[in-house]
Each structure stands twice: as C-alpha cells, then as structure tokens.
Amino acid sequence: MSALERHDVQGFVVSGYGKMREARYLLLGVRDPREARRWIGELAGQVTASDRAEERRCVNVAFTCEGLATLGLDRAEISTFPPPFQEGMTAEHRQRILGDTGANHPEYWLWGRPVKSGEKPPPSQVHVLLLLFARDEDTMAEVEGVHTQSLAAGGALEVIRSLKPEPLPGRQSVGKFGVEHFGFADGMSQPVVKGSGQEDKLGGDDARRTVIEAGEFVLGYPNGYGKLTPWPRLTVPGRADESFGRNGTYLVVRHLAQDVAAFCRFLDNSTKGPNGESDQEQAEWLAAKLVGRWRSGAPLVRSHHRDDPDLGSDNSFGFAAVDPYGERCPLGAHIRRSNPRDSLGSDPYKALELANLHRLVRRGRVYGSELKNPLDGDDGHERGLLFMCVNANIERQFEFVQHTWCNNPKFAGLYDEQDPLLANQPEGGGSFTVQDAPIRERVGGLSSFVTVRGGAYFFLPGVRALRLLAALEGERARADGAARRVPKRETKAAP
Ligand code: HEM
C-alpha cells in the first residue's frame, strides 16, 4: 500500500478539528471566474493539509459541480466526476433515494435548492464551501475577516450564506466528544483511515472493525475492493492531467434541523405510567433504545440496563456474538442501522467486511442554542446538526447508508419502520420495535424529528489540485498556443 500523501490531502479528511471550538462554513458563489481562480491560487498556500491538522486555525475548501463548471472545467472534464456529484443532491431520483420528500423536499431548503424555471430572482447557486476553524472567538473573528475580504477582492466571490456551528454551552463534551441537540454524545464511532498514522494504536478486532482502506475516503488509493475508485481528470489540450482527482474526495453536507421538543414529548408520552405521570427513567431507556447508546455514549451492547459514563467512548463492539436478535441494541436503532457492523448475515466476519464497504467519516457540528425546557414546547429558534461526511464514493457510502439502511422499512428483517431519529415518518406517526424476550415491544407515534434545511455534494480536492484549478486558464492558453502550432491536434476553447 502506498502511504497516504498527507501533505496533499486536506486536513478535514483525517480530523474534525475537535480542539477548534469555533467554526464558520461559508457558502460562496463565484462572480468572476478569473478572479476566483486567482483567489484559489492564494488559498492553496493556506489550506490545512492532513499533516498539520492541529494548528491554531485551519482552512479547507470544497466545490460543487456547478462551481467547478463556473470556474472553467469543461464538459469533458465534468463528465469524469461520478453521477451523484454531477447530478447533485437535489436531482429528482436522488430526492427519492435520500427520502427528501414532503417537508424535506428541496423546494423548502434554505440553500442548495435547484432553480425553478422562471423563478425571479433565482436563488444563488452554491459554488464553493470555505471551512474555517479557530481555537477561540477572537482568532475566528480575525480569520473570518481576512478570508471574507480576500474572497471578495476584485469581485471574485460572494458569501451567499454563513453557517455557524456552535457547541452546546456547558455541554461541549462528554469525555472529548460533543453532544448533539437530542442530548447524546456524538462522534465516538469513526473509521480510521489506513495510512493516516492514527491506526497504530489499534490491534486485533478493533483494527478489523475500524481501520478502513484509504481508498474508501481518499481518491488514488486502493478501496475496500482492492481497486482504485475512478477519479476526476483534467483534459487540458495537449497535456491531460491525470492527477487532478488524486488525494481528493467527496464531502456530503446535510443541514438538518432537529425538533427537540417533539423528540422529548414523544419520549415522555410513550413512557408515562398508568396514572399518567412521567417516568424519567423509562424515558431515558427508550431514548437509548432509539439511538443504540445511552446519552453518555455507553453502548447498549455493553451496558443494557443503565447508562455507564465510563463506557462513554467505547467503540469496541460487534452485535453478532452478544446481541444477534437486538435484545440489547434494537435492530432498528440509529447506530445499528447506520453501521450494522457484523450483524447482517450468518457469517459475522463476512458481514463486517461487507458493512465496512459503506463507512463514513462523519464531521458534523451542531448549530443553534440549546432548548432549555423541551417539555414546555419549542421556543421558535431553529437548532440542529450540520451533518457532514467524507467518502470516496457517494453512491456506495453516504447514499447507501441513508437509503438502504436508515430509510429502509425492511432493514434487518423489520417490517415497516425507519430510522427513528432521521426518517420522514408517515402521517399518523411511525413505529419502532424494541426486541425483547419473551415478547418485543412496539412503540408508535414517532414524528419526524429531523427536517432537511439544505445540502449539497462537494468535491474536496487535494492541495495540488487546487493549484491546477488556479492555473487552469494559463494552462489552457498555453496548450491552445501549442495546438495552433500543431494544426492537426484537437483544440478546446479557453474558458
Ligand atoms: C440530526 C441528525 C442526526 C443525529 C442527531 C445523529 C446522532 C447520532 C448519535 C448520537 C450517534 C452515536 C454516536 C457515535 O456512534 O458516534 C450517531 C452515530 C452515527 N450516525 Fe448519526 N445522527 C444524525 C444523522 C446522521 C446521518 C444523516 C447519517 C448518515 C446517513 C448518520 C450516520 C451515523 C453513523 C454512520 C454513526 C456511527 C454508527 C456506528 O459506527 O456505530 N447520522 N448518530
């Protein structure tokens, strides 16, 4: 295996920059392609690569397909990207794959929605995502100031929307992990990229479960099938650049609003005692069953009767040996659907191998203020998760997880239920089964706790590819000149 070229892979692939409390995600539109390429050239020198992911401030950058076309990639070059990226998250059949219907339909999104024909004024199309991270507010103010000034210079780009994730005050972490708005520690289970240097501490079963081929997350390296995932190329006349996609990857962004009041009301209503009184202990039990971990992060597979914060960061478990029928962690729990580990099929080794072909490096951060007294109702402020994940194959990884596991009513032999946290539940409420012996319990009345508010597929290029992008015009002009001197060679118009 060739070692990961960490100096060329953007840092977000190997680190969520957990020590950087502050983050800003700027959604940008290209206004002047030539100036924008100049800006990209300057930015390339500042982008944080994977070999220096723990600096005081970090910068990463990614592009939508429309963005790359606006910056000058021609049709032939765009066609070297995979269909989900070319079509975008909001293509009609992808809406169905992702369950983006009803209240999740892109027409209601705050950003990332397609232009409707005749719409005036058309919504600004997102071309670039600039990710900024800093350790404290002062440093962030400085970083954001410098970058917004430089991107706007010469009318290069415009900020369409600035997303501001922020940790929940006073609940930044359980151990070293953040807490999301439903109140659970999040981020404990992450694949470790082979060759990233992070795999050295893991051995035996943990390594088998967690260390994943680099090609699953970075283009240019063998993937889980031992093959190279096709990567995009530039076709600069006279000098095809094969290396454009190498060390790049895809970043999925989903802006997910969470209805915390509805979630807590559901837990409360479903667990009231016979005299109608709330039963806090039962509500916590049901919450853990929906997720597959207690609020501290302790996996139900390890501790199924009570929360145990000492197990908060525990990720060394499978389901097949200890919990094949879901009596500890229900078959339909969020973590079991989104990563069934060794549980699907009769051979746990094979099952794990197959499940590991669908892993995601999650990079989400929460946004919005904490809802203080959820049982008193919503306060009218939006809050949720800016879900992000890195994967080399959007179709086989993110879309598969969302469609074939989370949204699948027949997942793991279940009958008609979907992911209890994520799904767009049917009118009248969805169901959730808690397997138990001798009889299972079926809970009804689940509402849609999460609503999609925006999203897009981005290409997160390697640092070298950023330089190629910045130099595109010069390259094309030079190649055109060369082509004019050699009349028989096919030429392409400069952008
Ligand atoms: C607001 C929406 C969401 C919430 C509140 C949420 C919450 C959580 C929590 C609390 C965990 C357990 C912590 C951990 O194992 O790291 C988790 C794990 C996970 N989630 Fe989500 N999640 C959300 C959206 C999504 C989406 C959209 C996907 C992908 C389609 C996803 C995929 C995963 C995966 C792969 C895991 C790790 C499972 C494992 O390896 O055990 N989540 N999520």
# chains A, B, ... in the order shown; residues from 1 in each chain; ligands from 1
>>> residues_around(residues="region 8-13 of chain A", least_positions_apart="4", cutoff="10 Å", atoms="only C-alpha atoms", output="ChimeraX atom specification")
/A:4,17,47-54,58-62,131,193,196,217-219,246-251,361-363,389-391,460-466
>>> residues_near_ligand(ligand="ligand 1", cutoff="7 Å", atoms="only C-alpha atoms and all ligand atoms", output="PyMOL selection string")
chain A and resi 180-182+184-190+256-258+291+293+297+334-336+338-339+359-360+384-385+387+398+401-402+406+421-422+450
>>> write_last_selection(atoms="N, CA, C and O atoms", output="compact mmCIF listing (two decimals), in the first residue's frame")
# COMPACT_ATOMS: atom_id res chain seq x y z
N GLU A 180 -25.02 16.30 20.83
CA GLU A 180 -25.94 16.89 19.85
C GLU A 180 -27.24 17.29 20.56
O GLU A 180 -27.40 17.01 21.75
N HIS A 181 -28.18 17.92 19.82
CA HIS A 181 -29.33 18.55 20.48
C HIS A 181 -30.32 17.59 21.14
O HIS A 181 -31.04 18.00 22.06
N PHE A 182 -30.39 16.34 20.70
CA PHE A 182 -31.27 15.41 21.41
C PHE A 182 -30.65 14.97 22.73
O PHE A 182 -31.25 14.26 23.52
N PHE A 184 -27.33 13.49 23.16
CA PHE A 184 -26.41 12.34 23.14
C PHE A 184 -25.00 12.75 22.74
O PHE A 184 -24.82 13.57 21.83
N ALA A 185 -24.03 12.12 23.40
CA ALA A 185 -22.64 12.30 22.96
C ALA A 185 -22.55 11.75 21.54
O ALA A 185 -23.19 10.76 21.21
N ASP A 186 -21.77 12.43 20.70
CA ASP A 186 -21.73 12.02 19.29
C ASP A 186 -20.30 12.04 18.78
O ASP A 186 -19.50 12.88 19.20
N GLY A 187 -19.99 11.13 17.91
CA GLY A 187 -18.69 11.14 17.24
C GLY A 187 -17.74 10.06 17.73
O GLY A 187 -16.57 10.03 17.34
N MET A 188 -18.23 9.13 18.58
CA MET A 188 -17.31 8.12 19.12
C MET A 188 -16.92 7.08 18.07
O MET A 188 -15.83 6.54 18.10
N SER A 189 -17.87 6.76 17.19
CA SER A 189 -17.56 5.72 16.22
C SER A 189 -17.16 6.33 14.88
O SER A 189 -18.00 6.88 14.17
N GLN A 190 -15.89 6.27 14.60
CA GLN A 190 -15.38 6.79 13.34
C GLN A 190 -14.43 5.76 12.74
O GLN A 190 -13.66 5.12 13.47
N LEU A 256 -29.44 19.79 8.90
CA LEU A 256 -30.57 19.05 9.48
C LEU A 256 -31.09 19.76 10.73
O LEU A 256 -30.37 19.88 11.73
N ALA A 257 -32.34 20.22 10.66
CA ALA A 257 -32.96 20.86 11.84
C ALA A 257 -33.54 19.77 12.73
O ALA A 257 -34.11 18.80 12.24
N GLN A 258 -33.36 19.92 14.03
CA GLN A 258 -33.87 18.91 14.98
C GLN A 258 -35.01 19.51 15.81
O GLN A 258 -34.85 20.59 16.39
N VAL A 291 -31.39 5.24 19.90
CA VAL A 291 -30.06 5.57 19.39
C VAL A 291 -29.16 4.33 19.34
O VAL A 291 -28.38 4.15 18.41
N ARG A 293 -27.17 3.81 21.99
CA ARG A 293 -26.22 4.21 23.03
C ARG A 293 -26.99 5.04 24.04
O ARG A 293 -27.97 5.69 23.68
N GLY A 297 -22.99 8.01 25.76
CA GLY A 297 -22.30 7.32 24.66
C GLY A 297 -22.14 5.83 24.92
O GLY A 297 -21.80 5.06 24.03
N HIS A 334 -30.60 3.75 15.68
CA HIS A 334 -29.85 4.57 14.73
C HIS A 334 -28.44 4.04 14.47
O HIS A 334 -28.01 3.96 13.32
N ILE A 335 -27.71 3.65 15.51
CA ILE A 335 -26.32 3.23 15.26
C ILE A 335 -26.27 1.86 14.58
O ILE A 335 -25.33 1.56 13.86
N ARG A 336 -27.30 1.04 14.81
CA ARG A 336 -27.27 -0.30 14.21
C ARG A 336 -27.66 -0.24 12.74
O ARG A 336 -27.18 -1.01 11.92
N SER A 338 -27.11 2.58 10.86
CA SER A 338 -26.11 3.34 10.11
C SER A 338 -24.77 2.62 10.05
O SER A 338 -23.92 2.95 9.22
N ASN A 339 -24.58 1.64 10.90
CA ASN A 339 -23.39 0.78 10.81
C ASN A 339 -23.69 -0.56 11.48
O ASN A 339 -23.39 -0.75 12.66
N ARG A 359 -18.70 2.74 4.96
CA ARG A 359 -18.38 3.57 6.13
C ARG A 359 -18.30 5.05 5.74
O ARG A 359 -17.99 5.41 4.60
N LEU A 360 -18.54 5.88 6.73
CA LEU A 360 -18.49 7.33 6.55
C LEU A 360 -17.59 7.93 7.61
O LEU A 360 -17.67 7.53 8.77
N GLY A 384 -29.98 22.34 15.26
CA GLY A 384 -29.81 21.04 14.62
C GLY A 384 -28.36 20.66 14.42
O GLY A 384 -27.48 21.09 15.18
N LEU A 385 -28.16 19.87 13.39
CA LEU A 385 -26.84 19.32 13.11
C LEU A 385 -26.44 19.67 11.68
O LEU A 385 -27.21 19.44 10.76
N PHE A 387 -24.69 18.16 9.43
CA PHE A 387 -24.10 16.83 9.20
C PHE A 387 -23.18 16.91 8.00
O PHE A 387 -23.53 17.44 6.96
N PHE A 398 -22.41 7.22 1.45
CA PHE A 398 -23.47 8.02 2.08
C PHE A 398 -24.88 7.61 1.61
O PHE A 398 -25.77 7.35 2.42
N VAL A 401 -26.02 4.18 2.89
CA VAL A 401 -26.35 4.18 4.33
C VAL A 401 -27.72 4.82 4.56
O VAL A 401 -28.58 4.27 5.26
N GLN A 402 -27.92 5.96 3.92
CA GLN A 402 -29.18 6.69 4.12
C GLN A 402 -30.37 5.90 3.54
O GLN A 402 -31.41 5.80 4.17
N CYS A 406 -30.79 3.24 6.67
CA CYS A 406 -31.59 4.10 7.56
C CYS A 406 -33.06 4.20 7.13
O CYS A 406 -33.96 4.09 7.95
N LEU A 421 -34.48 8.37 14.39
CA LEU A 421 -34.03 9.76 14.51
C LEU A 421 -34.23 10.52 13.22
O LEU A 421 -34.63 11.68 13.22
N LEU A 422 -33.91 9.88 12.08
CA LEU A 422 -33.78 10.62 10.82
C LEU A 422 -35.01 10.64 9.94
O LEU A 422 -35.18 11.55 9.13
N VAL A 450 -36.39 15.18 12.52
CA VAL A 450 -35.34 15.89 11.77
C VAL A 450 -35.89 16.35 10.43
O VAL A 450 -36.59 15.60 9.76
>>> atom_distance(atom1="CA of Lys227 (chain A)", atom2="CA of Thr210 (chain A)")
19.3 Å
>>> atom_distance(atom1="CA of Gly203 (chain A)", atom2="CA of Trp294 (chain A)")
25.9 Å
>>> closest_residue(among="A:Asn393, A:Asn223, A:Thr404, A:Thr433", to="Leu331 (chain A)", atoms="only C-alpha atoms")
A:Thr433
>>> residues_around(residues="Ser150 (chain A)", least_positions_apart="2", cutoff="12 Å", atoms="only C-alpha atoms", output="list in words")
Glu35, Ala36, Arg38, Trp39, Ile40, Gly41, Glu42, Leu43, Val143, Glu144, Gly145, Val146, His147, Thr148, Ala152, Ala153, Gly154, Gly155, Ala156, Leu157, Glu158 and Val159 of chain A
>>> write_last_selection(atoms="C-alpha atoms", output="PDB file, in the first residue's frame")
ATOM      1  CA  GLU A  35     -10.568  36.451 -10.051  1.00  0.00           C
ATOM      2  CA  ALA A  36     -11.939  33.400  -8.265  1.00  0.00           C
ATOM      3  CA  ARG A  38      -6.627  33.802  -8.528  1.00  0.00           C
ATOM      4  CA  TRP A  39      -8.158  33.578  -5.041  1.00  0.00           C
ATOM      5  CA  ILE A  40      -7.955  29.771  -5.149  1.00  0.00           C
ATOM      6  CA  GLY A  41      -4.259  30.053  -6.051  1.00  0.00           C
ATOM      7  CA  GLU A  42      -3.634  32.213  -2.973  1.00  0.00           C
ATOM      8  CA  LEU A  43      -5.774  29.988  -0.779  1.00  0.00           C
ATOM      9  CA  VAL A 143      -9.621  34.519  10.312  1.00  0.00           C
ATOM     10  CA  GLU A 144     -13.127  35.220   9.026  1.00  0.00           C
ATOM     11  CA  GLY A 145     -12.318  38.896   8.433  1.00  0.00           C
ATOM     12  CA  VAL A 146      -9.200  38.114   6.422  1.00  0.00           C
ATOM     13  CA  HIS A 147     -10.886  35.460   4.306  1.00  0.00           C
ATOM     14  CA  THR A 148     -14.102  37.348   3.561  1.00  0.00           C
ATOM     15  CA  ALA A 152     -14.453  39.391  -2.288  1.00  0.00           C
ATOM     16  CA  ALA A 153     -11.398  41.189  -3.724  1.00  0.00           C
ATOM     17  CA  GLY A 154     -11.850  42.024  -7.389  1.00  0.00           C
ATOM     18  CA  GLY A 155     -15.467  40.828  -7.190  1.00  0.00           C
ATOM     19  CA  ALA A 156     -14.236  37.216  -7.196  1.00  0.00           C
ATOM     20  CA  LEU A 157     -16.804  35.546  -4.954  1.00  0.00           C
ATOM     21  CA  GLU A 158     -19.789  36.425  -2.834  1.00  0.00           C
ATOM     22  CA  VAL A 159     -20.858  34.976   0.502  1.00  0.00           C
TER      23      VAL A 159
END
>>> select_by_dssp(residues="region 258-463 of chain A", states="helix (DSSP H, G or I)", output="VMD selection string")
chain A and resid 260 to 270 280 to 291 309 to 311 334 to 338 348 to 358 374 to 376 395 to 406 411 to 413 463
>>> write_last_selection(atoms="C-alpha atoms", output="compact mmCIF listing (two decimals), in the first residue's frame")
# COMPACT_ATOMS: atom_id res chain seq x y z
CA VAL A 260 -36.05 18.69 20.24
CA ALA A 261 -39.43 19.47 21.82
CA ALA A 262 -41.15 16.80 19.67
CA PHE A 263 -38.43 14.27 20.49
CA CYS A 264 -38.74 14.83 24.25
CA ARG A 265 -42.56 14.91 24.10
CA PHE A 266 -42.52 11.58 22.27
CA LEU A 267 -40.26 10.02 24.92
CA ASP A 268 -42.43 11.39 27.71
CA ASN A 269 -45.79 10.39 26.18
CA SER A 270 -44.60 6.91 25.30
CA GLN A 280 -37.97 9.81 33.63
CA GLU A 281 -36.13 6.51 33.92
CA GLN A 282 -38.29 4.81 31.28
CA ALA A 283 -37.97 7.85 29.00
CA GLU A 284 -34.17 7.60 29.21
CA TRP A 285 -34.37 3.89 28.50
CA LEU A 286 -36.47 4.48 25.38
CA ALA A 287 -34.16 7.29 24.21
CA ALA A 288 -31.18 4.95 24.48
CA LYS A 289 -33.05 2.23 22.58
CA LEU A 290 -33.73 4.64 19.68
CA VAL A 291 -30.06 5.57 19.39
CA PRO A 309 -20.39 7.06 31.57
CA ASP A 310 -17.18 5.04 31.99
CA LEU A 311 -18.14 3.31 28.75
CA HIS A 334 -29.85 4.57 14.73
CA ILE A 335 -26.32 3.23 15.26
CA ARG A 336 -27.27 -0.30 14.21
CA ARG A 337 -28.89 0.91 11.01
CA SER A 338 -26.11 3.34 10.11
CA PRO A 348 -20.02 -12.25 11.19
CA TYR A 349 -16.59 -11.97 9.52
CA LYS A 350 -18.09 -11.61 6.07
CA ALA A 351 -20.83 -9.32 7.42
CA LEU A 352 -18.24 -6.96 8.91
CA GLU A 353 -16.24 -6.95 5.70
CA LEU A 354 -19.36 -6.03 3.73
CA ALA A 355 -20.56 -3.39 6.22
CA ASN A 356 -17.13 -1.79 6.05
CA LEU A 357 -17.71 -1.06 2.36
CA HIS A 358 -20.24 1.57 3.49
CA PRO A 374 -38.20 20.89 25.99
CA LEU A 375 -41.38 19.60 27.65
CA ASP A 376 -42.70 23.18 27.74
CA GLU A 395 -23.42 6.27 -4.03
CA ARG A 396 -21.87 3.30 -2.25
CA GLN A 397 -21.26 5.09 1.03
CA PHE A 398 -23.47 8.02 2.08
CA GLU A 399 -26.45 7.29 -0.20
CA PHE A 400 -26.36 3.58 0.57
CA VAL A 401 -26.35 4.18 4.33
CA GLN A 402 -29.18 6.69 4.12
CA HIS A 403 -31.31 4.71 1.64
CA THR A 404 -30.64 1.01 2.13
CA TRP A 405 -30.07 1.02 5.86
CA CYS A 406 -31.59 4.10 7.56
CA PHE A 411 -33.98 -3.36 7.28
CA ALA A 412 -32.64 -6.44 9.15
CA GLY A 413 -35.95 -8.28 8.90
CA VAL A 463 -3.86 20.78 -2.34
>>> atom_distance(atom1="CA of His7 (chain A)", atom2="CA of Trp231 (chain A)")
18.8 Å
>>> closest_atom_pairs(of="region 202-238 of chain A", to="region 71-83 of chain A", cutoff="10 Å", atoms="only C-alpha atoms", output="Markdown table")
| residue | atom | partner | partner_atom | distance |
| --- | --- | --- | --- | --- |
| A:Thr229 | CA | A:Pro82 | CA | 10.0 |
| A:Pro230 | CA | A:Pro82 | CA | 8.2 |
| A:Trp231 | CA | A:Phe81 | CA | 6.8 |
| A:Pro232 | CA | A:Thr80 | CA | 4.7 |
| A:Arg233 | CA | A:Thr80 | CA | 6.2 |
| A:Leu234 | CA | A:Glu77 | CA | 5.5 |
| A:Thr235 | CA | A:Glu77 | CA | 6.1 |
| A:Val236 | CA | A:Glu77 | CA | 8.9 |
>>> residues_around(residues="Asp206 (chain A)", least_positions_apart="5", cutoff="9 Å", atoms="only C-alpha atoms", output="number ranges by chain")
A: 211, 315-317
>>> write_last_selection(atoms="N, CA and C atoms", output="JSON list (two decimals), in the first residue's frame")
[["chain", "number", "residue", "atom", "x", "y", "z"],
["A", 211, "VAL", "N", -10.23, 0.05, 11.16],
["A", 211, "VAL", "CA", -9.24, 0.57, 10.21],
["A", 211, "VAL", "C", -9.70, 0.22, 8.79],
["A", 315, "ASN", "N", -16.06, 1.86, 21.76],
["A", 315, "ASN", "CA", -16.49, 1.57, 20.40],
["A", 315, "ASN", "C", -16.04, 0.19, 19.97],
["A", 316, "SER", "N", -15.57, -0.61, 20.93],
["A", 316, "SER", "CA", -15.03, -1.91, 20.52],
["A", 316, "SER", "C", -16.07, -3.00, 20.73],
["A", 317, "PHE", "N", -17.08, -2.96, 19.88],
["A", 317, "PHE", "CA", -18.10, -4.00, 19.99],
["A", 317, "PHE", "C", -18.66, -4.35, 18.62]]
>>> residues_around(residues="region 434-440 of chain A", least_positions_apart="3", cutoff="8 Å", atoms="only C-alpha atoms", output="JSON, numbers by chain")
{"A": [289, 325, 326, 327, 328, 330, 331, 443]}
>>> residues_around(residues="Leu110 (chain A)", least_positions_apart="4", cutoff="10 Å", atoms="only C-alpha atoms", output="JSON, numbers by chain")
{"A": [106, 123, 161, 255, 452, 453, 454, 455]}
